[in-house]
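Next comes structure.cif, a file with mmCIF, C-alpha atoms and all ligand atoms.
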```cif
data_entry
#
loop_
_atom_site.label_atom_id
_atom_site.label_comp_id
_atom_site.auth_asym_id
_atom_site.auth_seq_id
_atom_site.Cartn_x
_atom_site.Cartn_y
_atom_site.Cartn_z
CA MET A 666 -8.33 7.18 23.76
CA LYS A 667 -7.93 3.41 23.67
CA THR A 668 -4.40 2.12 24.28
CA LEU A 669 -2.84 -1.34 24.24
CA THR A 670 0.15 -2.21 26.40
CA LEU A 671 2.23 -5.13 25.19
CA GLN A 672 4.31 -6.82 27.89
CA PRO A 673 7.85 -7.97 27.07
CA ILE A 674 7.91 -11.05 24.83
CA SER A 675 10.85 -13.40 25.25
CA LYS A 676 10.40 -15.51 22.13
CA VAL A 677 8.27 -15.67 18.99
CA ALA A 678 7.74 -18.61 16.64
CA GLY A 679 5.05 -20.15 14.46
CA GLU A 680 3.24 -19.81 11.19
CA VAL A 681 1.00 -17.02 9.89
CA HIS A 682 -1.36 -17.36 6.97
CA LEU A 683 -1.33 -13.82 5.62
CA PRO A 684 -4.47 -11.86 4.85
CA GLY A 685 -4.78 -10.87 1.19
CA SER A 686 -2.69 -8.08 -0.26
CA LYS A 687 -4.31 -4.65 -0.08
CA SER A 688 -2.65 -3.56 -3.33
CA ILE A 689 -3.86 -6.63 -5.20
CA SER A 690 -7.33 -6.72 -3.61
CA ASN A 691 -8.23 -3.20 -4.66
CA ARG A 692 -6.73 -3.57 -8.14
CA VAL A 693 -8.49 -6.87 -8.78
CA LEU A 694 -11.83 -5.50 -7.60
CA LEU A 695 -11.60 -2.56 -9.98
CA LEU A 696 -10.37 -4.61 -12.95
CA ALA A 697 -13.03 -7.25 -12.29
CA ALA A 698 -15.69 -4.51 -12.26
CA LEU A 699 -14.49 -3.13 -15.60
CA ALA A 700 -13.95 -6.53 -17.23
CA GLU A 701 -16.16 -8.70 -19.38
CA GLY A 702 -17.28 -11.76 -17.43
CA THR A 703 -17.46 -12.86 -13.81
CA THR A 704 -14.43 -12.93 -11.51
CA ARG A 705 -14.40 -15.11 -8.41
CA ILE A 706 -11.86 -13.63 -6.00
CA THR A 707 -10.53 -15.63 -3.04
CA ASN A 708 -8.33 -14.49 -0.12
CA LEU A 709 -9.64 -10.94 -0.64
CA LEU A 710 -8.43 -8.64 2.14
CA ASP A 711 -11.12 -7.67 4.63
CA SER A 712 -10.05 -4.23 5.84
CA ASP A 713 -11.15 -0.59 5.69
CA ASP A 714 -9.29 0.20 2.46
CA VAL A 715 -11.03 -2.66 0.66
CA LYS A 716 -14.42 -1.76 2.17
CA HIS A 717 -14.07 1.70 0.65
CA MET A 718 -13.46 0.20 -2.79
CA LEU A 719 -16.37 -2.24 -2.41
CA ASN A 720 -18.74 0.52 -1.24
CA ALA A 721 -17.74 2.69 -4.17
CA LEU A 722 -18.39 -0.17 -6.61
CA THR A 723 -21.80 -0.79 -5.03
CA ALA A 724 -22.75 2.87 -5.40
CA LEU A 725 -21.60 2.78 -9.03
CA GLY A 726 -23.95 -0.10 -9.75
CA VAL A 727 -21.50 -3.00 -9.87
CA SER A 728 -23.03 -6.30 -8.71
CA TYR A 729 -21.01 -8.63 -6.56
CA LYS A 730 -21.58 -11.35 -4.01
CA LEU A 731 -19.41 -11.17 -0.92
CA SER A 732 -19.13 -14.26 1.31
CA ALA A 733 -20.04 -13.98 5.00
CA CYS A 734 -16.36 -13.96 5.94
CA ARG A 735 -15.81 -11.19 3.35
CA THR A 736 -12.73 -12.86 1.87
CA GLU A 737 -14.47 -14.32 -1.17
CA CYS A 738 -16.17 -12.16 -3.73
CA GLU A 739 -17.78 -12.85 -7.07
CA VAL A 740 -17.84 -9.73 -9.23
CA GLN A 741 -20.08 -9.32 -12.26
CA GLY A 742 -18.03 -7.29 -14.73
CA LEU A 743 -19.54 -4.31 -16.54
CA GLY A 744 -17.56 -5.03 -19.70
CA GLY A 745 -16.37 -1.42 -19.84
CA LEU A 746 -16.44 1.87 -17.94
CA PHE A 747 -19.01 3.03 -15.39
CA HIS A 748 -22.38 4.58 -16.27
CA HIS A 749 -24.48 6.12 -13.54
CA PRO A 750 -27.51 8.31 -14.17
CA HIS A 751 -27.40 10.38 -10.95
CA ALA A 752 -24.79 12.49 -9.18
CA LEU A 753 -23.00 10.49 -6.47
CA THR A 754 -20.68 11.11 -3.54
CA LEU A 755 -18.19 8.36 -2.77
CA PHE A 756 -16.37 8.34 0.58
CA LEU A 757 -12.98 6.65 0.19
CA GLY A 758 -11.53 7.04 3.70
CA ASN A 759 -7.77 7.26 3.45
CA ALA A 760 -7.38 4.54 0.81
CA GLY A 761 -4.89 5.69 -1.82
CA THR A 762 -5.51 2.48 -3.78
CA ALA A 763 -9.19 3.45 -4.09
CA MET A 764 -8.87 7.24 -4.53
CA ARG A 765 -6.23 7.30 -7.25
CA PRO A 766 -7.39 4.48 -9.60
CA LEU A 767 -11.05 5.48 -9.24
CA THR A 768 -10.24 9.10 -10.13
CA ALA A 769 -8.88 8.01 -13.51
CA ALA A 770 -11.57 5.42 -14.23
CA LEU A 771 -14.37 7.82 -13.29
CA ALA A 772 -12.92 10.70 -15.34
CA ALA A 773 -13.43 8.53 -18.43
CA SER A 774 -16.87 7.20 -17.39
CA ASN A 775 -20.39 8.51 -17.80
CA VAL A 776 -20.76 9.76 -14.20
CA ASP A 777 -20.94 12.87 -12.05
CA VAL A 778 -19.11 11.93 -8.88
CA THR A 779 -17.66 13.69 -5.85
CA LEU A 780 -14.80 11.82 -4.18
CA THR A 781 -14.39 12.51 -0.47
CA GLY A 782 -12.35 10.98 2.31
CA GLU A 783 -10.89 11.33 5.79
CA PRO A 784 -9.19 14.61 6.74
CA ARG A 785 -5.74 13.14 6.00
CA MET A 786 -6.83 12.27 2.47
CA TYR A 787 -7.30 16.00 1.89
CA GLU A 788 -3.61 16.50 2.69
CA ARG A 789 -2.37 13.77 0.36
CA PRO A 790 -1.46 15.22 -3.06
CA ILE A 791 -3.30 14.14 -6.20
CA GLY A 792 -2.29 17.04 -8.48
CA HIS A 793 0.10 14.99 -10.61
CA LEU A 794 -2.72 12.61 -11.52
CA VAL A 795 -5.25 15.36 -12.17
CA ASP A 796 -2.71 17.22 -14.33
CA ALA A 797 -2.16 14.05 -16.36
CA LEU A 798 -5.87 13.43 -16.87
CA ARG A 799 -6.53 17.07 -17.78
CA GLN A 800 -4.16 16.58 -20.73
CA LEU A 801 -6.91 14.27 -22.02
CA ASP A 802 -9.51 17.01 -21.35
CA ALA A 803 -10.82 15.35 -18.19
CA ASP A 804 -13.24 17.53 -16.19
CA ILE A 805 -11.99 17.35 -12.60
CA GLN A 806 -12.41 20.15 -10.08
CA TYR A 807 -10.76 20.61 -6.72
CA LEU A 808 -13.49 21.32 -4.17
CA GLU A 809 -11.18 22.68 -1.45
CA GLN A 810 -7.44 23.07 -1.95
CA ASP A 811 -5.84 22.93 -5.40
CA GLY A 812 -3.92 19.69 -5.84
CA PHE A 813 -5.82 17.72 -3.17
CA PRO A 814 -9.12 15.85 -2.72
CA PRO A 815 -12.06 16.25 -2.39
CA LEU A 816 -12.68 16.18 -6.14
CA ARG A 817 -15.69 16.58 -8.36
CA ILE A 818 -15.40 14.51 -11.52
CA GLN A 819 -17.76 15.02 -14.43
CA GLY A 820 -16.76 12.02 -16.46
CA LYS A 821 -16.84 11.91 -20.27
CA PRO A 822 -15.05 10.16 -23.12
CA LEU A 823 -11.45 11.35 -22.86
CA SER A 824 -9.19 12.29 -25.72
CA THR A 825 -6.10 10.16 -26.25
CA GLY A 826 -2.48 10.48 -27.25
CA THR A 827 0.60 11.42 -25.26
CA ILE A 828 0.27 11.94 -21.52
CA ARG A 829 3.08 13.29 -19.34
CA ILE A 830 2.90 12.34 -15.69
CA ASP A 831 5.11 13.28 -12.79
CA GLY A 832 6.24 10.07 -11.06
CA SER A 833 8.29 11.59 -8.26
CA ILE A 834 5.73 11.47 -5.41
CA SER A 835 3.61 8.39 -5.97
CA SER A 836 3.42 5.48 -8.38
CA GLN A 837 -0.33 5.26 -7.77
CA PHE A 838 -0.92 8.09 -10.26
CA LEU A 839 0.70 6.09 -13.04
CA THR A 840 -1.14 2.94 -11.93
CA ALA A 841 -4.39 4.89 -12.25
CA VAL A 842 -3.63 6.11 -15.78
CA LEU A 843 -2.36 2.69 -16.89
CA MET A 844 -5.51 0.95 -15.72
CA VAL A 845 -7.88 3.24 -17.62
CA ALA A 846 -5.74 3.63 -20.77
CA PRO A 847 -6.83 0.41 -22.57
CA LEU A 848 -10.47 1.50 -22.26
CA LEU A 849 -9.93 4.85 -24.02
CA ASN A 850 -10.86 5.41 -27.65
CA GLY A 851 -7.28 5.51 -28.91
CA ASP A 852 -3.73 4.52 -28.07
CA SER A 853 -1.79 6.12 -25.21
CA GLU A 854 1.86 7.00 -24.84
CA ILE A 855 2.59 7.72 -21.18
CA LEU A 856 5.82 9.60 -20.45
CA ILE A 857 7.20 9.86 -16.93
CA ASP A 858 8.60 13.16 -15.71
CA GLY A 859 11.11 12.85 -12.90
CA GLU A 860 12.32 9.55 -11.47
CA LEU A 861 9.42 7.17 -10.89
CA VAL A 862 9.11 6.13 -7.23
CA SER A 863 7.84 2.82 -5.81
CA LYS A 864 8.44 1.00 -9.13
CA PRO A 865 7.49 -2.51 -7.97
CA TYR A 866 3.89 -1.33 -7.56
CA ILE A 867 3.85 -0.67 -11.30
CA ASP A 868 4.94 -4.28 -11.79
CA ILE A 869 1.88 -5.34 -9.76
CA THR A 870 -0.36 -3.18 -11.94
CA LEU A 871 1.08 -4.54 -15.18
CA ALA A 872 0.98 -8.15 -13.98
CA LEU A 873 -2.68 -7.83 -13.04
CA MET A 874 -3.63 -6.07 -16.27
CA ALA A 875 -1.91 -8.89 -18.17
CA ARG A 876 -4.02 -11.48 -16.32
CA PHE A 877 -7.06 -9.49 -17.45
CA GLY A 878 -5.86 -9.76 -21.05
CA VAL A 879 -4.11 -6.40 -21.59
CA THR A 880 -0.39 -6.08 -22.16
CA VAL A 881 1.50 -2.82 -21.81
CA GLU A 882 4.89 -2.02 -23.26
CA ASN A 883 7.11 -0.76 -20.44
CA GLN A 884 10.22 1.04 -21.66
CA GLN A 885 12.41 1.26 -18.54
CA TYR A 886 9.68 2.85 -16.41
CA GLN A 887 10.05 6.04 -18.48
CA ARG A 888 7.66 5.42 -21.34
CA PHE A 889 4.63 3.13 -21.44
CA LEU A 890 2.62 2.26 -24.56
CA VAL A 891 -0.96 1.10 -24.22
CA THR A 892 -3.28 0.14 -27.06
CA GLY A 893 -6.74 1.68 -26.76
CA ASN A 894 -10.23 0.35 -27.57
CA GLN A 895 -9.66 -2.81 -25.59
CA CYS A 896 -11.77 -4.57 -23.00
CA TYR A 897 -10.48 -6.34 -19.91
CA ARG A 898 -11.44 -10.02 -19.87
CA SER A 899 -11.97 -11.77 -16.59
CA PRO A 900 -9.49 -14.56 -15.83
CA GLY A 901 -12.33 -16.41 -14.04
CA HIS A 902 -10.80 -17.16 -10.67
CA TRP A 903 -8.33 -14.96 -8.81
CA LEU A 904 -6.46 -15.99 -5.66
CA VAL A 905 -5.09 -12.88 -3.95
CA GLU A 906 -1.52 -13.29 -2.69
CA GLY A 907 -0.90 -12.71 1.00
CA ASP A 908 0.01 -9.13 1.92
CA ALA A 909 3.80 -8.81 1.78
CA SER A 910 3.82 -5.52 3.70
CA SER A 911 1.83 -7.16 6.51
CA ALA A 912 4.32 -10.04 6.45
CA SER A 913 7.15 -7.64 7.32
CA TYR A 914 6.13 -7.33 11.00
CA PHE A 915 6.21 -11.08 11.56
CA LEU A 916 9.43 -11.62 9.63
CA ALA A 917 11.09 -8.82 11.57
CA ALA A 918 9.82 -10.28 14.86
CA ALA A 919 11.48 -13.59 13.98
CA ALA A 920 14.72 -11.84 13.07
CA ILE A 921 14.68 -10.07 16.45
CA LYS A 922 13.36 -12.78 18.81
CA GLY A 923 12.86 -16.03 16.86
CA GLY A 924 12.51 -19.01 16.76
CA THR A 925 11.44 -19.29 13.23
CA ILE A 926 8.37 -17.62 11.77
CA LYS A 927 6.98 -18.81 8.49
CA VAL A 928 4.52 -16.67 6.53
CA THR A 929 2.34 -18.40 3.96
CA GLY A 930 0.30 -16.92 1.13
CA ILE A 931 3.43 -15.45 -0.48
CA GLY A 932 6.69 -16.96 -1.68
CA LYS A 933 9.75 -16.25 -3.74
CA ASP A 934 7.75 -15.62 -6.93
CA ALA A 935 5.19 -13.26 -5.41
CA VAL A 936 4.36 -10.23 -7.53
CA GLN A 937 4.68 -7.77 -4.60
CA GLY A 938 7.98 -5.93 -4.29
CA ASP A 939 7.63 -5.90 -0.51
CA ILE A 940 8.77 -9.53 -0.32
CA HIS A 941 12.25 -8.01 -0.74
CA PHE A 942 11.98 -6.71 2.78
CA ALA A 943 13.34 -10.18 3.60
CA ASP A 944 16.51 -9.32 1.62
CA ALA A 945 17.08 -6.37 3.95
CA LEU A 946 16.61 -8.62 6.99
CA GLU A 947 19.07 -11.06 5.49
CA ALA A 948 21.58 -8.26 4.91
CA MET A 949 21.16 -7.34 8.59
CA GLY A 950 22.06 -10.91 9.55
CA ALA A 951 18.80 -12.87 9.78
CA THR A 952 18.48 -16.28 8.15
CA VAL A 953 15.86 -16.32 5.38
CA GLU A 954 14.35 -19.32 3.66
CA TRP A 955 12.54 -18.73 0.37
CA ALA A 956 10.05 -21.31 -0.89
CA SER A 957 7.44 -21.10 -3.61
CA ASP A 958 4.64 -20.96 -1.04
CA TYR A 959 6.21 -19.41 2.04
CA ILE A 960 9.01 -17.23 3.40
CA ALA A 961 10.58 -18.12 6.75
CA VAL A 962 12.93 -16.08 8.90
CA THR A 963 15.06 -17.22 11.84
CA ARG A 964 16.87 -15.06 14.34
CA ASN A 965 20.52 -14.19 14.20
CA GLN A 966 22.59 -11.29 15.51
CA LEU A 967 21.41 -8.21 13.58
CA THR A 968 23.70 -5.42 12.39
CA GLY A 969 22.48 -2.05 11.12
CA ILE A 970 22.70 -1.44 7.36
CA ASP A 971 22.56 1.61 5.10
CA ARG A 972 20.16 1.15 2.14
CA ASP A 973 17.91 2.78 -0.41
CA TYR A 974 14.30 1.72 0.27
CA ASN A 975 12.51 3.64 -2.49
CA ALA A 976 11.21 0.40 -3.99
CA ILE A 977 9.57 -0.79 -0.75
CA PRO A 978 8.39 2.30 1.15
CA ASP A 979 5.74 0.47 3.23
CA ALA A 980 7.85 -2.44 4.46
CA ALA A 981 10.79 -0.07 4.97
CA MET A 982 8.98 1.36 7.99
CA THR A 983 9.45 -2.01 9.67
CA ILE A 984 13.21 -1.64 9.24
CA ALA A 985 13.02 1.52 11.37
CA THR A 986 11.85 -0.38 14.46
CA THR A 987 13.93 -3.48 13.66
CA ALA A 988 16.90 -1.08 13.83
CA LEU A 989 16.30 -0.81 17.59
CA PHE A 990 17.61 -4.38 17.91
CA ALA A 991 20.62 -4.13 15.58
CA LYS A 992 24.23 -3.50 16.39
CA GLY A 993 25.24 -0.05 15.15
CA PRO A 994 23.25 2.51 13.16
CA THR A 995 20.73 1.81 10.41
CA VAL A 996 20.10 4.27 7.58
CA ILE A 997 16.82 4.25 5.61
CA ARG A 998 17.35 6.28 2.44
CA ASN A 999 15.29 7.74 -0.40
CA VAL A 1000 11.88 7.62 1.26
CA TYR A 1001 10.80 11.23 0.76
CA ASN A 1002 7.27 10.13 -0.04
CA TRP A 1003 6.83 8.82 3.54
CA ARG A 1004 5.90 12.45 4.15
CA VAL A 1005 2.70 12.24 2.08
CA LYS A 1006 1.31 8.93 3.26
CA GLU A 1007 -1.01 8.21 6.24
CA THR A 1008 0.97 10.81 8.20
CA ASP A 1009 4.36 12.43 7.72
CA ARG A 1010 6.05 9.12 8.43
CA LEU A 1011 9.58 10.53 8.58
CA ALA A 1012 8.60 12.97 11.31
CA ALA A 1013 6.35 10.49 13.13
CA MET A 1014 8.94 7.72 13.09
CA ALA A 1015 11.70 10.03 14.32
CA THR A 1016 9.55 11.36 17.18
CA GLU A 1017 8.38 7.96 18.40
CA LEU A 1018 11.77 6.23 18.04
CA ARG A 1019 13.28 8.97 20.22
CA LYS A 1020 10.60 8.26 22.87
CA VAL A 1021 11.93 4.70 23.29
CA GLY A 1022 15.48 6.03 23.58
CA ALA A 1023 16.93 5.85 20.05
CA GLU A 1024 19.11 8.60 18.65
CA VAL A 1025 17.55 9.66 15.34
CA GLU A 1026 18.75 11.94 12.58
CA GLU A 1027 15.86 12.98 10.34
CA GLY A 1028 16.81 14.21 6.87
CA GLU A 1029 14.52 15.44 4.12
CA ASP A 1030 14.30 11.90 2.70
CA TYR A 1031 16.11 9.65 5.16
CA LEU A 1032 16.37 8.48 8.77
CA LYS A 1033 19.50 7.43 10.58
CA ILE A 1034 18.67 5.40 13.68
CA THR A 1035 21.16 4.54 16.41
CA PRO A 1036 19.69 2.16 18.99
CA PRO A 1037 20.01 2.84 22.71
CA ALA A 1038 21.74 0.43 25.09
CA GLN A 1039 18.37 -0.05 26.81
CA LEU A 1040 14.91 0.65 25.36
CA LYS A 1041 12.52 2.76 27.44
CA HIS A 1042 8.82 2.16 28.06
CA ALA A 1043 6.86 4.80 26.14
CA SER A 1044 3.34 5.54 25.00
CA ILE A 1045 3.56 5.54 21.21
CA ALA A 1046 1.40 7.95 19.25
CA THR A 1047 0.23 6.29 16.03
CA TYR A 1048 -1.08 9.29 14.03
CA ASN A 1049 -3.96 7.23 12.59
CA ASP A 1050 -1.28 5.30 10.72
CA HIS A 1051 -1.73 1.52 10.78
CA ARG A 1052 1.96 0.98 10.06
CA MET A 1053 3.09 3.08 13.03
CA ALA A 1054 0.98 0.84 15.30
CA MET A 1055 2.23 -2.40 13.75
CA CYS A 1056 5.90 -1.33 13.59
CA PHE A 1057 6.02 -0.32 17.24
CA SER A 1058 4.59 -3.65 18.43
CA LEU A 1059 8.15 -4.92 17.82
CA VAL A 1060 9.40 -2.90 20.80
CA ALA A 1061 7.77 -5.54 23.05
CA LEU A 1062 10.44 -7.97 21.84
CA SER A 1063 12.83 -6.20 24.25
CA ASP A 1064 12.68 -6.47 28.03
CA THR A 1065 10.51 -3.33 28.17
CA PRO A 1066 6.75 -3.08 27.59
CA VAL A 1067 5.34 -0.74 24.95
CA THR A 1068 2.03 1.13 24.91
CA ILE A 1069 0.38 1.61 21.54
CA GLU A 1070 -2.15 4.43 21.31
CA ASP A 1071 -5.24 3.83 19.15
CA PRO A 1072 -4.31 0.25 18.21
CA ASP A 1073 -7.52 -0.06 16.16
CA CYS A 1074 -5.98 2.10 13.43
CA THR A 1075 -4.60 -1.17 12.00
CA ALA A 1076 -8.11 -1.62 10.53
CA LYS A 1077 -6.90 0.18 7.39
CA THR A 1078 -5.10 -2.95 6.22
CA PHE A 1079 -4.95 -5.52 9.05
CA PRO A 1080 -7.79 -5.43 11.62
CA GLN A 1081 -6.63 -8.63 13.38
CA TYR A 1082 -2.98 -7.65 13.59
CA PHE A 1083 -2.54 -7.61 17.37
CA GLU A 1084 -4.39 -10.92 17.78
CA VAL A 1085 -2.10 -12.62 15.26
CA PHE A 1086 1.00 -11.01 16.78
CA ARG A 1087 -0.01 -12.24 20.25
CA GLN A 1088 -0.45 -15.81 19.00
CA LEU A 1089 3.20 -15.93 17.94
CA SER A 1090 4.47 -15.06 21.42
CA GLN A 1091 5.78 -17.99 23.40
O1 LIG A 1101 -0.03 0.97 -5.69
C1 LIG A 1101 -0.11 0.55 -4.53
O2 LIG A 1101 -0.82 -0.43 -4.23
C2 LIG A 1101 0.67 1.22 -3.48
C3 LIG A 1101 1.74 2.01 -3.81
C4 LIG A 1101 2.61 2.66 -2.81
O3 LIG A 1101 2.33 4.04 -2.82
P1 LIG A 1101 3.26 5.13 -3.58
O4 LIG A 1101 3.35 4.74 -5.00
O5 LIG A 1101 2.48 6.39 -3.35
O6 LIG A 1101 4.59 5.12 -2.89
C5 LIG A 1101 2.37 2.11 -1.41
O7 LIG A 1101 2.97 2.94 -0.45
C6 LIG A 1101 0.90 1.96 -1.11
O8 LIG A 1101 0.68 1.46 0.19
C7 LIG A 1101 0.26 1.00 -2.07
C1 LIG A 1102 0.71 4.25 1.96
C2 LIG A 1102 -0.20 3.33 2.28
O1 LIG A 1102 -1.48 3.34 1.86
P1 LIG A 1102 -2.27 3.97 0.61
O2 LIG A 1102 -2.68 2.81 -0.23
O3 LIG A 1102 -3.42 4.68 1.20
O4 LIG A 1102 -1.33 4.88 -0.13
C3 LIG A 1102 0.14 2.20 3.18
O5 LIG A 1102 -0.66 1.24 3.25
O6 LIG A 1102 1.20 2.21 3.83
#
```

Can you turn what I pasted into structure tokens?
Amino acid sequence: MKTLTLQPISKVAGEVHLPGSKSISNRVLLLAALAEGTTRITNLLDSDDVKHMLNALTALGVSYKLSACRTECEVQGLGGLFHHPHALTLFLGNAGTAMRPLTAALAASNVDVTLTGEPRMYERPIGHLVDALRQLDADIQYLEQDGFPPLRIQGKPLSTGTIRIDGSISSQFLTAVLMVAPLLNGDSEILIDGELVSKPYIDITLALMARFGVTVENQQYQRFLVTGNQCYRSPGHWLVEGDASSASYFLAAAAIKGGTIKVTGIGKDAVQGDIHFADALEAMGATVEWASDYIAVTRNQLTGIDRDYNAIPDAAMTIATTALFAKGPTVIRNVYNWRVKETDRLAAMATELRKVGAEVEEGEDYLKITPPAQLKHASIATYNDHRMAMCFSLVALSDTPVTIEDPDCTAKTFPQYFEVFRQLSQ
């Protein structure tokens, strides 16, 4: 297996222009495909998750022109749902932002599609979404284990009305239903069972739908009202914000060993909830500067904090390795759904943090991390989880090297991560 050993880094500083947001890239591609008109997308993310969405759209007959650098894309909208005359199999890797929204859109389309993915995708639950769509008479079958992909979807016009959806494991299920609802033949009332997790991702969904001409009434994230028989209308040009989750590694590096690092492509008004990772760094002691077109962090003495990170589950992983450099323990709370992402992230994080010498208490939905006096050199297993690889690069900001196993797993969202990280080292 390929490994990458990072030697100790004594200082980091500089500026990073962030690659496009994964969450926005995949939403914009799907909305652009369903919309009336042509959408010219710039700063599109070029990564595995986005490739899976693009390949699926190609197979479904959507025309688009992708620039040679793959960060600009002009999508010819279908002006409605998909129609495809032959049965298709779409491989979606481990991209939740492709699997979940496509499941809903395809269930309402004139298609016969099998959705497959990587082995881990078959362990990531999708039952809450399928249950919701079956309330509208969707024809979706589980091909292996009940509640999990792969799925066979025989799409057809869905019925409409009230839909109950469990929001306690993933917000992506609600995102999927919201995105298809305006295209149904009647109005939808969507009721959330349980406490909705990862709420800021719903804000991203609603903000994007609004730019494509559809407004949704959001009643405290418990009830959503969507008018049916609508058509998305292309906004023309779309500039994808930088990826706020990807920004977290650089901002944390600055907090630990800056210098100042400035990330551009996002700013204080960005639509992604993960920009609030910088609030957590600030609460730990770092100095944060918020501008409309960048966020900058400068080092200060860090102290461990105890917080609820349900709103920012992806960036919260970066807090776990930042905790190695803080004074006192850090507690990351209310992240149960880490267990159903690229790997069981609570277990993986606890195991790998212990390897570098931290004392870790792993609860059902939290981690308590007490840093060691001296970090140890370890070979970090990454579990095919891009965020494990990126988070543990921060260990090199100590006086100990770190070895990252399978560093190429960052391709899911950030293929050039280690190159960019290296350029910040001084
Ligand atoms: O909607 C999105 O773009 C995402 C929602 C989050 O998932 P959950 O809602 O499952 O927490 C997040 O972890 C994922 O990386 C992207
Ligand atoms: C959970 C993640 O991805 P996905 O979109 O596949 O859910 C992630 O990127 O951390």

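Of the residues under consideration (A:His793, A:Lys687, A:His749, A:Lys992), A:Lys687 shows the shortest atom-to-atom contact distance to ligand LIG 1102 (chain A) when counting only C-alpha atoms and all ligand atoms.
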
Inset, instruction - Using all atoms listed in the file, pick whichever of A:Asp777, A:Gly742, A:Arg735, A:Ala1015 has the shortest atom-to-atom distance to Tyr897 in chain A. - result: A:Gly742

Inset, instruction - Could you tell me how far CA of Ala846 in chain A lies from CA of Gln884 in chain A, in Å and to one decimal? - result: 16.2 Å

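When CA of Gln895 in chain A is paired with CA of Leu849 in chain A, their separation reads 7.8 Å.
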
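Look at everything within 12 Å of (2.3, 13.3, 6.3) using only C-alpha atoms, and the residues you get are Pro784, Arg785, Met786, Tyr787, Glu788, Arg789, Pro790, Tyr1001, Asn1002, Trp1003, Arg1004, Val1005, Lys1006, Glu1007, Thr1008, Asp1009, Arg1010, Leu1011, Ala1012, Ala1013, Met1014, Tyr1048, Asn1049 and Asp1050 of chain A.
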
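Checking A:Pro750, A:Pro673, A:Gly893, A:Pro1037 one by one against Pro847 in chain A, counting all atoms listed in the file, you find the shortest gap at A:Gly893.
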
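Among the candidate residues A:Gln887, A:Ser712, A:Ser957, A:Ser688, the one lying nearest to ligand LIG 1101 (chain A) is A:Ser688, with distances computed using all atoms listed in the file.
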
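For the choices A:Met764, A:Thr827, A:Arg1087, A:Phe838, the atom-to-atom distance to Pro814 in chain A is smallest for A:Met764 when using only C-alpha atoms.
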
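Atom pair CA of Phe1057 in chain A / CA of Thr1035 in chain A: separated by 15.9 Å.
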
Inset, instruction - Identify, on the basis of all atoms listed in the file, every residue whose closest approach to Ala1054 in chain A does not exceed 12 Å; exclude the query and any residue fewer than 2 positions from it along the same chain; express the result as a PyMOL selection string. - result: chain A and resi 668-671+911+914+982-983+986+1007+1010+1013-1014+1017+1044-1052+1056-1060+1067-1080+1082-1083+1086

Could the residues in this selection be written to a file with C-alpha atoms, as a compact mmCIF listing (two decimals), in the frame of the given file?
```
# COMPACT_ATOMS: atom_id res chain seq x y z
CA THR A 668 -4.40 2.12 24.28
CA LEU A 669 -2.84 -1.34 24.24
CA THR A 670 0.15 -2.21 26.40
CA LEU A 671 2.23 -5.13 25.19
CA SER A 911 1.83 -7.16 6.51
CA TYR A 914 6.13 -7.33 11.00
CA MET A 982 8.98 1.36 7.99
CA THR A 983 9.45 -2.01 9.67
CA THR A 986 11.85 -0.38 14.46
CA GLU A 1007 -1.01 8.21 6.24
CA ARG A 1010 6.05 9.12 8.43
CA ALA A 1013 6.35 10.49 13.13
CA MET A 1014 8.94 7.72 13.09
CA GLU A 1017 8.38 7.96 18.40
CA SER A 1044 3.34 5.54 25.00
CA ILE A 1045 3.56 5.54 21.21
CA ALA A 1046 1.40 7.95 19.25
CA THR A 1047 0.23 6.29 16.03
CA TYR A 1048 -1.08 9.29 14.03
CA ASN A 1049 -3.96 7.23 12.59
CA ASP A 1050 -1.28 5.30 10.72
CA HIS A 1051 -1.73 1.52 10.78
CA ARG A 1052 1.96 0.98 10.06
CA CYS A 1056 5.90 -1.33 13.59
CA PHE A 1057 6.02 -0.32 17.24
CA SER A 1058 4.59 -3.65 18.43
CA LEU A 1059 8.15 -4.92 17.82
CA VAL A 1060 9.40 -2.90 20.80
CA VAL A 1067 5.34 -0.74 24.95
CA THR A 1068 2.03 1.13 24.91
CA ILE A 1069 0.38 1.61 21.54
CA GLU A 1070 -2.15 4.43 21.31
CA ASP A 1071 -5.24 3.83 19.15
CA PRO A 1072 -4.31 0.25 18.21
CA ASP A 1073 -7.52 -0.06 16.16
CA CYS A 1074 -5.98 2.10 13.43
CA THR A 1075 -4.60 -1.17 12.00
CA ALA A 1076 -8.11 -1.62 10.53
CA LYS A 1077 -6.90 0.18 7.39
CA THR A 1078 -5.10 -2.95 6.22
CA PHE A 1079 -4.95 -5.52 9.05
CA PRO A 1080 -7.79 -5.43 11.62
CA TYR A 1082 -2.98 -7.65 13.59
CA PHE A 1083 -2.54 -7.61 17.37
CA PHE A 1086 1.00 -11.01 16.78
```

Near ligand LIG 1101 (chain A), 6 Å: chain A residue rows, closest pairs, only C-alpha atoms and all ligand atoms, as a Markdown table:
```
| residue | atom | partner | partner_atom | distance |
| --- | --- | --- | --- | --- |
| A:Ser688 | CA | A:LIG1101 | O2 | 3.7 |
| A:Thr762 | CA | A:LIG1101 | O2 | 5.5 |
| A:Ser835 | CA | A:LIG1101 | O5 | 3.5 |
| A:Ser836 | CA | A:LIG1101 | O4 | 3.5 |
| A:Gln837 | CA | A:LIG1101 | O4 | 4.6 |
| A:Ser863 | CA | A:LIG1101 | O6 | 4.9 |
| A:Tyr866 | CA | A:LIG1101 | O1 | 4.9 |
| A:Pro978 | CA | A:LIG1101 | O7 | 5.7 |
| A:Asp979 | CA | A:LIG1101 | O7 | 5.2 |
```
